[in-house]
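Engineer: Below is the file upload-v2.tsv, which contains TSV, C-alpha atoms.
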```tsv
chain	number	residue	atom	x	y	z
O	1	MET	CA	-6.84	4.63	4.06
O	2	ALA	CA	-3.99	5.42	1.79
O	3	ALA	CA	-4.10	2.49	-0.51
O	4	ALA	CA	-0.64	1.11	-1.12
O	5	ALA	CA	-0.11	-2.59	-1.61
O	6	LEU	CA	1.15	-4.17	1.58
O	7	SER	CA	3.62	-6.35	-0.24
O	8	SER	CA	5.51	-3.40	-1.76
O	9	PRO	CA	8.94	-2.51	-0.34
O	10	SER	CA	7.72	0.99	0.59
O	11	PHE	CA	5.04	-0.36	2.89
O	12	PHE	CA	5.85	0.01	6.58
O	13	ALA	CA	3.62	0.14	9.63
O	14	SER	CA	1.80	2.63	10.63
O	15	ALA	CA	-21.98	-11.06	15.98
O	16	PRO	CA	-23.66	-13.79	15.95
O	17	CYS	CA	-23.50	-14.35	12.25
O	18	PRO	CA	-26.14	-15.58	9.82
O	19	LYS	CA	-25.58	-19.01	8.33
O	20	ILE	CA	-23.92	-18.79	4.96
O	21	PRO	CA	-25.77	-20.70	2.28
O	22	ARG	CA	-23.52	-23.29	0.68
O	23	SER	CA	-25.43	-23.80	-2.52
O	24	ILE	CA	-26.35	-21.39	-5.27
O	25	PRO	CA	-29.42	-21.66	-7.46
O	26	PRO	CA	-28.72	-22.38	-11.13
O	27	SER	CA	-30.38	-19.15	-12.19
O	28	SER	CA	-27.81	-17.13	-10.28
O	29	ALA	CA	-24.70	-19.19	-10.88
O	30	SER	CA	-25.13	-19.96	-14.58
O	31	ARG	CA	-24.67	-16.32	-15.59
O	32	PHE	CA	-21.06	-16.36	-14.45
O	33	VAL	CA	-19.92	-19.78	-15.67
O	34	SER	CA	-18.57	-18.34	-18.91
O	35	ASN	CA	-16.93	-15.38	-17.23
O	36	PRO	CA	-13.23	-15.47	-18.19
O	37	LEU	CA	-12.39	-13.74	-14.91
O	38	TYR	CA	-13.60	-16.76	-12.99
O	39	GLY	CA	-10.11	-18.24	-12.97
O	40	SER	CA	-8.29	-21.24	-14.35
O	41	GLY	CA	-8.74	-24.89	-13.71
O	42	SER	CA	-8.60	-28.25	-15.39
O	43	ALA	CA	-11.12	-28.77	-18.13
O	44	SER	CA	-11.79	-32.23	-16.81
O	45	VAL	CA	-12.55	-31.08	-13.28
O	46	ARG	CA	-16.23	-31.18	-12.47
O	47	TYR	CA	-17.84	-29.81	-9.36
O	48	SER	CA	-21.35	-30.94	-8.49
O	49	ARG	CA	-23.19	-29.77	-5.40
O	50	GLY	CA	-26.92	-29.93	-4.68
O	51	TRP	CA	-28.50	-27.37	-6.96
O	52	PHE	CA	-25.98	-27.09	-9.71
O	53	SER	CA	-22.89	-28.50	-11.40
O	54	ARG	CA	-20.20	-26.39	-12.96
O	55	ARG	CA	-17.29	-27.11	-15.18
O	56	LEU	CA	-14.14	-25.21	-14.33
O	57	HIS	CA	-12.92	-23.73	-17.59
O	58	GLN	CA	-9.26	-23.33	-18.28
O	59	VAL	CA	-8.48	-19.76	-19.20
O	60	LYS	CA	-5.46	-17.61	-19.57
O	61	ALA	CA	-6.10	-14.99	-16.92
O	62	THR	CA	-4.21	-11.80	-16.46
O	63	THR	CA	-2.42	-11.96	-13.15
O	64	LEU	CA	-2.24	-9.10	-10.70
O	65	GLN	CA	1.53	-9.36	-10.60
O	66	GLU	CA	2.27	-8.82	-14.29
O	67	LYS	CA	5.43	-6.77	-14.66
O	68	ASP	CA	4.42	-5.31	-18.00
O	69	GLU	CA	1.14	-3.85	-16.73
O	70	LYS	CA	1.68	-2.03	-13.48
O	71	VAL	CA	-1.33	-0.51	-11.81
O	72	THR	CA	-1.08	2.55	-9.62
O	73	VAL	CA	-3.46	2.51	-6.69
O	74	GLU	CA	-4.86	5.96	-6.13
O	75	GLU	CA	-5.10	7.77	-2.82
O	76	ALA	CA	-8.66	6.93	-1.81
O	77	PHE	CA	-8.77	8.20	1.73
O	78	PRO	CA	-6.82	10.62	3.92
O	79	VAL	CA	-4.09	9.71	6.36
O	80	LYS	CA	-5.07	10.33	9.95
O	81	THR	CA	-2.94	10.83	12.98
O	82	GLY	CA	-3.74	9.99	16.54
O	83	ALA	CA	-2.63	11.22	19.89
O	84	ALA	CA	1.02	12.20	20.39
O	85	GLY	CA	1.59	12.13	16.64
O	86	THR	CA	1.19	8.38	16.33
O	87	SER	CA	0.28	7.59	12.76
O	88	LEU	CA	-2.96	5.68	12.26
O	89	SER	CA	-2.07	4.91	8.69
O	90	THR	CA	0.03	1.95	7.75
O	91	GLY	CA	1.75	4.04	5.12
O	92	GLU	CA	4.70	4.91	7.32
O	93	ALA	CA	5.61	4.78	10.99
O	94	SER	CA	5.68	8.00	12.96
O	95	VAL	CA	9.09	8.85	14.34
O	96	VAL	CA	7.54	9.71	17.70
O	97	ALA	CA	5.60	6.46	18.04
O	98	PRO	CA	6.41	4.54	21.24
O	99	TRP	CA	8.60	1.46	20.91
O	100	ASN	CA	5.72	-0.89	21.73
O	101	VAL	CA	3.58	0.61	18.96
O	102	LYS	CA	6.41	0.20	16.46
O	103	LEU	CA	6.91	-3.38	17.57
O	104	GLU	CA	3.20	-4.19	17.19
O	105	GLN	CA	3.08	-2.66	13.73
O	106	THR	CA	6.24	-4.43	12.60
O	107	ILE	CA	4.79	-7.79	13.67
O	108	ASN	CA	1.53	-7.00	11.88
O	109	ILE	CA	3.36	-6.09	8.68
O	110	PHE	CA	5.32	-9.33	8.76
O	111	LEU	CA	2.18	-11.43	9.34
O	112	THR	CA	0.27	-9.62	6.60
O	113	ASP	CA	3.09	-9.88	4.07
O	114	THR	CA	3.45	-13.59	4.80
O	115	THR	CA	-0.27	-14.15	4.25
O	116	ILE	CA	-0.17	-12.18	1.00
O	117	ARG	CA	2.69	-14.31	-0.33
O	118	ILE	CA	0.70	-17.46	0.43
O	119	LEU	CA	-2.37	-16.10	-1.35
O	120	ASP	CA	-0.24	-15.03	-4.32
O	121	ALA	CA	1.17	-18.53	-4.60
O	122	PHE	CA	-2.25	-20.23	-4.53
O	123	TYR	CA	-4.42	-17.69	-6.35
O	124	HIS	CA	-2.27	-15.65	-8.72
O	125	ASP	CA	-4.63	-16.39	-11.64
O	126	ARG	CA	-7.89	-17.39	-9.89
O	127	HIS	CA	-9.44	-14.11	-8.90
O	128	TYR	CA	-12.87	-15.13	-7.58
O	129	ALA	CA	-11.41	-17.95	-5.51
O	130	ARG	CA	-8.89	-15.50	-4.04
O	131	PHE	CA	-11.65	-13.03	-3.23
O	132	PHE	CA	-13.69	-15.77	-1.57
O	133	VAL	CA	-10.78	-16.69	0.70
O	134	LEU	CA	-10.02	-13.03	1.35
O	135	GLU	CA	-13.61	-12.22	2.34
O	136	THR	CA	-13.82	-15.30	4.57
O	137	ILE	CA	-10.73	-14.12	6.42
O	138	ALA	CA	-11.61	-10.41	6.45
O	139	ARG	CA	-14.80	-10.84	8.48
O	140	VAL	CA	-13.18	-12.88	11.25
O	141	PRO	CA	-11.67	-9.96	13.26
O	142	TYR	CA	-15.08	-8.39	13.79
O	143	PHE	CA	-16.38	-11.62	15.30
O	144	ALA	CA	-13.34	-11.64	17.58
O	145	PHE	CA	-13.78	-8.01	18.63
O	146	ILE	CA	-17.43	-8.56	19.49
O	147	SER	CA	-16.64	-11.73	21.45
O	148	VAL	CA	-14.07	-9.96	23.63
O	149	LEU	CA	-16.29	-6.90	24.11
O	150	HIS	CA	-19.15	-9.13	25.27
O	151	MET	CA	-16.78	-10.75	27.74
O	152	TYR	CA	-15.70	-7.34	29.04
O	153	GLU	CA	-19.33	-6.33	29.43
O	154	SER	CA	-20.02	-9.51	31.40
O	155	PHE	CA	-17.17	-8.58	33.76
O	156	GLY	CA	-18.41	-5.00	33.98
O	157	TRP	CA	-15.20	-3.55	32.54
O	158	TRP	CA	-16.34	-1.82	29.34
O	159	ARG	CA	-19.80	-0.61	28.34
O	160	ARG	CA	-19.43	0.52	24.75
O	161	SER	CA	-22.48	0.00	22.60
O	162	ASP	CA	-20.98	1.99	19.71
O	163	TYR	CA	-18.15	-0.52	19.33
O	164	LEU	CA	-20.59	-3.43	19.23
O	165	LYS	CA	-22.85	-1.71	16.70
O	166	VAL	CA	-20.07	-0.69	14.34
O	167	HIS	CA	-18.24	-4.03	14.47
O	168	PHE	CA	-21.46	-5.95	13.82
O	169	ALA	CA	-22.20	-3.66	10.86
O	170	GLN	CA	-18.71	-4.37	9.56
O	171	SER	CA	-19.24	-8.13	9.82
O	172	TRP	CA	-22.62	-7.75	8.08
O	173	ASN	CA	-20.97	-5.91	5.20
O	174	GLU	CA	-18.22	-8.51	4.84
O	175	PHE	CA	-20.84	-11.27	5.01
O	176	HIS	CA	-22.51	-9.89	1.89
O	177	HIS	CA	-19.17	-9.58	0.15
O	178	LEU	CA	-18.77	-13.28	0.84
O	179	LEU	CA	-22.23	-14.07	-0.55
O	180	ILE	CA	-21.32	-12.21	-3.74
O	181	MET	CA	-18.09	-14.19	-4.17
O	182	GLU	CA	-19.95	-17.44	-3.60
O	183	GLU	CA	-22.50	-16.51	-6.25
O	184	LEU	CA	-19.61	-15.78	-8.62
O	185	GLY	CA	-18.30	-19.30	-7.99
O	186	GLY	CA	-15.34	-18.44	-5.79
O	187	ASN	CA	-16.15	-21.30	-3.40
O	188	ALA	CA	-16.67	-23.95	-6.10
O	189	PHE	CA	-13.49	-25.93	-5.34
O	190	TRP	CA	-13.44	-27.82	-2.03
O	191	LEU	CA	-9.78	-27.05	-1.40
O	192	ASP	CA	-10.48	-23.31	-1.48
O	193	ARG	CA	-13.24	-23.71	1.08
O	194	LEU	CA	-11.02	-25.86	3.27
O	195	LEU	CA	-8.15	-23.36	3.16
O	196	ALA	CA	-10.44	-20.41	3.93
O	197	GLN	CA	-12.08	-22.19	6.87
O	198	PHE	CA	-8.76	-23.46	8.21
O	199	VAL	CA	-7.19	-19.99	8.18
O	200	ALA	CA	-10.34	-18.37	9.60
O	201	PHE	CA	-10.43	-20.81	12.53
O	202	PHE	CA	-6.92	-20.01	13.72
O	203	TYR	CA	-7.21	-16.34	12.75
O	204	TYR	CA	-10.20	-15.97	15.09
O	205	PHE	CA	-8.37	-17.22	18.16
O	206	MET	CA	-5.24	-15.27	17.26
O	207	THR	CA	-7.29	-12.08	16.99
O	208	VAL	CA	-9.07	-12.74	20.29
O	209	GLY	CA	-5.72	-13.09	22.03
O	210	MET	CA	-4.29	-10.07	20.28
O	211	TYR	CA	-7.35	-7.96	21.13
O	212	ILE	CA	-7.11	-8.88	24.81
O	213	VAL	CA	-3.40	-8.07	24.95
O	214	SER	CA	-3.48	-4.93	22.81
O	215	PRO	CA	-6.63	-3.75	21.01
O	216	ARG	CA	-4.52	-1.18	19.20
O	217	MET	CA	-2.43	-3.95	17.66
O	218	ALA	CA	-5.53	-5.96	16.70
O	219	TYR	CA	-7.10	-2.94	15.03
O	220	HIS	CA	-3.90	-2.15	13.18
O	221	PHE	CA	-3.63	-5.73	11.92
O	222	SER	CA	-7.22	-5.58	10.70
O	223	GLU	CA	-6.40	-2.28	8.99
O	224	CYS	CA	-3.52	-4.03	7.20
O	225	VAL	CA	-5.89	-6.76	6.00
O	226	GLU	CA	-8.48	-4.25	4.80
O	227	ARG	CA	-5.78	-2.19	3.10
O	228	HIS	CA	-4.63	-5.24	1.17
O	229	ALA	CA	-8.23	-6.03	0.24
O	230	TYR	CA	-8.69	-2.50	-1.11
O	231	SER	CA	-5.46	-2.69	-3.10
O	232	THR	CA	-6.35	-6.12	-4.53
O	233	TYR	CA	-9.81	-5.04	-5.68
O	234	ASP	CA	-8.49	-1.76	-7.06
O	235	LYS	CA	-5.89	-3.51	-9.21
O	236	PHE	CA	-8.44	-6.09	-10.37
O	237	ILE	CA	-10.91	-3.37	-11.42
O	238	LYS	CA	-8.27	-1.40	-13.33
O	239	LEU	CA	-7.06	-4.48	-15.20
O	240	HIS	CA	-10.51	-5.87	-16.08
O	241	GLU	CA	-12.83	-2.88	-16.35
O	242	GLU	CA	-14.14	-3.64	-19.81
O	243	GLU	CA	-14.75	-7.33	-19.12
O	244	LEU	CA	-16.54	-6.62	-15.86
O	245	LYS	CA	-18.96	-4.19	-17.52
O	246	LYS	CA	-20.20	-6.98	-19.80
O	247	PHE	CA	-21.58	-9.11	-16.96
O	248	PRO	CA	-24.71	-8.56	-14.86
O	249	ALA	CA	-24.60	-7.88	-11.16
O	250	PRO	CA	-25.03	-10.88	-8.85
O	251	GLU	CA	-28.37	-11.09	-7.10
O	252	ALA	CA	-26.69	-10.95	-3.70
O	253	ALA	CA	-25.15	-7.59	-4.58
O	254	ILE	CA	-28.45	-6.13	-5.78
O	255	ASN	CA	-30.26	-7.31	-2.66
O	256	TYR	CA	-27.64	-5.74	-0.40
O	257	TYR	CA	-26.68	-2.47	-2.06
O	258	MET	CA	-30.11	-1.60	-3.46
O	259	ASN	CA	-32.01	-2.49	-0.29
O	260	GLU	CA	-34.30	0.20	1.14
O	261	ASP	CA	-32.98	-0.44	4.65
O	262	LEU	CA	-29.33	0.60	4.61
O	263	TYR	CA	-28.96	1.39	8.30
O	264	LEU	CA	-26.19	-1.18	8.80
O	265	PHE	CA	-24.56	-0.10	5.54
O	266	ASP	CA	-24.22	3.42	6.95
O	267	GLU	CA	-23.22	2.16	10.40
O	268	PHE	CA	-19.79	0.78	9.50
O	269	GLN	CA	-18.75	3.92	7.61
O	270	THR	CA	-17.66	6.02	10.58
O	271	ALA	CA	-15.88	8.60	8.41
O	272	ARG	CA	-19.17	9.47	6.66
O	273	THR	CA	-22.48	10.92	7.69
O	274	PRO	CA	-25.42	8.50	7.31
O	275	LYS	CA	-27.06	8.39	3.87
O	276	SER	CA	-24.12	10.21	2.24
O	277	ARG	CA	-23.23	7.19	0.12
O	278	ARG	CA	-25.78	5.29	-1.94
O	279	PRO	CA	-24.32	2.73	-4.37
O	280	ARG	CA	-25.34	2.35	-8.00
O	281	ILE	CA	-25.46	-1.22	-9.26
O	282	GLU	CA	-25.88	-1.82	-13.00
O	283	ASN	CA	-23.28	-4.48	-13.76
O	284	LEU	CA	-20.45	-6.51	-12.26
O	285	TYR	CA	-18.07	-3.57	-12.56
O	286	ASP	CA	-20.26	-1.49	-10.26
O	287	VAL	CA	-20.33	-4.35	-7.76
O	288	PHE	CA	-16.57	-4.54	-7.49
O	289	MET	CA	-16.29	-0.76	-7.34
O	290	ASN	CA	-18.58	-0.72	-4.31
O	291	ILE	CA	-16.79	-3.64	-2.65
O	292	ARG	CA	-13.52	-1.81	-3.08
O	293	ASP	CA	-14.98	1.37	-1.60
O	294	ASP	CA	-16.36	-0.66	1.31
O	295	GLU	CA	-12.86	-1.87	2.09
O	296	ALA	CA	-11.65	1.73	2.15
O	297	GLU	CA	-14.32	2.60	4.71
O	298	HIS	CA	-13.35	-0.42	6.83
O	299	CYS	CA	-9.76	0.75	6.81
O	300	LYS	CA	-10.74	4.26	7.95
O	301	THR	CA	-12.74	2.81	10.82
O	302	MET	CA	-9.90	0.51	11.88
O	303	ALA	CA	-7.50	3.45	11.80
O	304	ALA	CA	-9.82	5.50	14.00
O	305	CYS	CA	-10.11	2.62	16.46
O	306	GLN	CA	-6.37	2.75	17.12
O	307	THR	CA	-6.97	5.89	19.17
O	308	HIS	CA	-8.40	4.36	22.32
O	309	GLY	CA	-12.05	5.24	22.99
O	310	ASN	CA	-12.32	7.15	19.72
O	311	LEU	CA	-14.91	5.07	17.86
O	312	ARG	CA	-18.42	6.51	17.56
O	313	SER	CA	-21.45	5.20	15.72
O	314	PRO	CA	-22.33	7.43	12.73
O	315	HIS	CA	-25.95	7.42	13.92
O	316	SER	CA	-25.08	8.56	17.43
O	317	ASN	CA	-22.30	10.97	16.48
O	318	PRO	CA	-23.46	14.23	14.82
O	319	LYS	CA	-20.23	14.56	12.82
O	320	PRO	CA	-18.07	11.97	11.01
O	321	LEU	CA	-14.61	11.20	12.34
O	322	GLU	CA	-12.78	13.52	9.97
O	323	ASP	CA	-10.53	14.57	12.84
O	324	VAL	CA	-9.89	11.84	15.38
O	325	SER	CA	-9.05	14.41	18.04
O	326	GLU	CA	-12.63	15.67	18.06
O	327	CYS	CA	-13.99	12.50	19.62
O	328	ALA	CA	-10.97	11.21	21.52
O	329	VAL	CA	-11.60	10.69	25.20
O	330	SER	CA	-9.21	11.67	27.93
O	331	GLU	CA	-6.67	9.19	29.24
O	332	ALA	CA	-8.39	9.09	32.61
O	333	GLU	CA	-11.76	8.33	31.00
O	334	ALA	CA	-10.38	5.74	28.60
O	335	GLY	CA	-8.38	3.80	31.14
O	336	CYS	CA	-6.10	0.99	29.99
O	337	GLU	CA	-6.38	-0.16	26.39
O	338	GLY	CA	-5.10	-3.68	26.96
O	339	ILE	CA	-2.60	-5.68	28.98
O	340	VAL	CA	0.40	-4.16	27.17
O	341	ASP	CA	-0.99	-0.65	27.54
O	342	CYS	CA	-1.78	-1.19	31.24
O	343	VAL	CA	1.75	-2.37	31.99
O	344	THR	CA	3.29	0.50	30.03
O	345	LYS	CA	1.19	3.13	31.81
O	346	SER	CA	1.87	1.51	35.16
O	347	LEU	CA	5.65	1.67	34.66
O	348	THR	CA	5.49	5.20	33.27
O	349	SER	CA	3.32	6.54	36.08
O	350	ARG	CA	5.81	5.35	38.71
O	351	ARG	CA	8.63	7.40	37.30
O	352	PRO	CA	9.38	10.64	39.21
```
Any chance you could give the structure as structure tokens?
Structural biologist:
Amino acid sequence: MAAAALSSPSFFASAPCPKIPRSIPPSSASRFVSNPLYGSGSASVRYSRGWFSRRLHQVKATTLQEKDEKVTVEEAFPVKTGAAGTSLSTGEASVVAPWNVKLEQTINIFLTDTTIRILDAFYHDRHYARFFVLETIARVPYFAFISVLHMYESFGWWRRSDYLKVHFAQSWNEFHHLLIMEELGGNAFWLDRLLAQFVAFFYYFMTVGMYIVSPRMAYHFSECVERHAYSTYDKFIKLHEEELKKFPAPEAAINYYMNEDLYLFDEFQTARTPKSRRPRIENLYDVFMNIRDDEAEHCKTMAACQTHGNLRSPHSNPKPLEDVSECAVSEAEAGCEGIVDCVTKSLTSRRP
């Protein structure tokens, strides 16, 4: 995914889950209490919960929107194109894209930009809290996709095990991102947890409806979210590289990235061959580097999904999806993508 911030003027469209622990042992949390990147808060605010209590230190944090320190986000992944020249990147809209595709992407851009402005207003100087909210929201679409796919399977409409495998692997990856942010203290304030859960609740049902109407639109919206996540982490890393290297890696990150069983880690990276990426974790900087790279892989997968029937599990597909045309199914085999797609094809097919 070409990583440009979604809020910039140049941006235009292109599982049953494990229970999240809500308390963190003192041995894990205490290492990050003095981290100046934790964020700002009142010195008199105290948060006590079960295993530990933490004082929210007031710090002068560097914001991501500072005008005097602009960060250029590098091109981290290639731009892909789908059938009929429709761009799968949100970098720019293809001139040959159908009107309904342009409309879907325009709506997605508006929704994403609105969400970004809200996050900027609440979390401009509280990085870990922002990341906690972002990771809570980012994993919701994969739950929604799986829910709808299970419903389709129950009706006998779609039988696509690869989609279920990949989307579950994506939710598993985002789940561990969330565990890392919780260990860093991003969920310490009750208002942050409430906001994240409130947005996630409505986001789930919105995504379910969007996925039923137009899976392409739902995948594109998720790509927008992942693209913003990549851009946010990339800017944060570039601004705070030296500070991040001074802190140890959270236990949740070590347990996930250094685990011997990385089958699910490979599964969500559809643009890579299995075992081609093995993270190195030595400090907090390495953790955020890997989280950022994970978001890039999510964005590639979401871009590939916008070509109907294109997604393949890395473990069942001998080659990565470097060229989406290699694995794209025929229109007759794919059938209708969603309600919007079915109506469009029905009207088009009746024309002489």
Engineer: Give as a PyMOL selection string the set of residues within 12 Å of the point (-26.7, -7.8, -2.0), where distances use the file's coordinates and only C-alpha atoms.
Structural biologist: chain O and resi 172-183+249-262+265+279-281+287-288+290-291
Engineer: Please measure the separation of CA of Arg216 (chain O) and CA of Trp157 (chain O), giving the value in Å to one decimal.
Structural biologist: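 Atom-to-atom, CA of Arg216 (chain O) to CA of Trp157 (chain O), that is 17.3 Å.
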Engineer: For a quick check of understanding, using all atoms listed in the file, which of O:Val225, O:Leu195, O:Met217, O:Met289 has the smallest distance to Cys305 (chain O)?
Structural biologist: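 Nearest to Cys305 (chain O): O:Met217.
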Engineer: When you draw a straight line from CA of Leu164 (chain O) to CA of Ile146 (chain O), how long is it in Å?
Structural biologist: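 Between these atoms lies a distance of 6.0 Å.
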Engineer: For each of O:Asp294, O:Pro141, O:Ile118, O:Phe110, take the minimum atom-to-atom distance to Gly209 (chain O), counting only C-alpha atoms, then give the residue where this is smallest.
Structural biologist: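 Of O:Asp294, O:Pro141, O:Ile118, O:Phe110, the one nearest Gly209 (chain O), counting only C-alpha atoms, is O:Pro141.
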Engineer: Residues around (-8.6, -13.8, 6.6), cut-off 9 Å, counting all atoms listed in the file - what are they as a compact mmCIF listing (two decimals) with C-alpha atoms, keeping the file's coordinate frame?
Structural biologist:
```txt
# COMPACT_ATOMS: atom_id res chain seq x y z
CA THR O 115 -0.27 -14.15 4.25
CA VAL O 133 -10.78 -16.69 0.70
CA LEU O 134 -10.02 -13.03 1.35
CA GLU O 135 -13.61 -12.22 2.34
CA THR O 136 -13.82 -15.30 4.57
CA ILE O 137 -10.73 -14.12 6.42
CA ALA O 138 -11.61 -10.41 6.45
CA ARG O 139 -14.80 -10.84 8.48
CA VAL O 140 -13.18 -12.88 11.25
CA PRO O 141 -11.67 -9.96 13.26
CA ALA O 196 -10.44 -20.41 3.93
CA VAL O 199 -7.19 -19.99 8.18
CA ALA O 200 -10.34 -18.37 9.60
CA TYR O 203 -7.21 -16.34 12.75
CA TYR O 204 -10.20 -15.97 15.09
CA VAL O 225 -5.89 -6.76 6.00
```
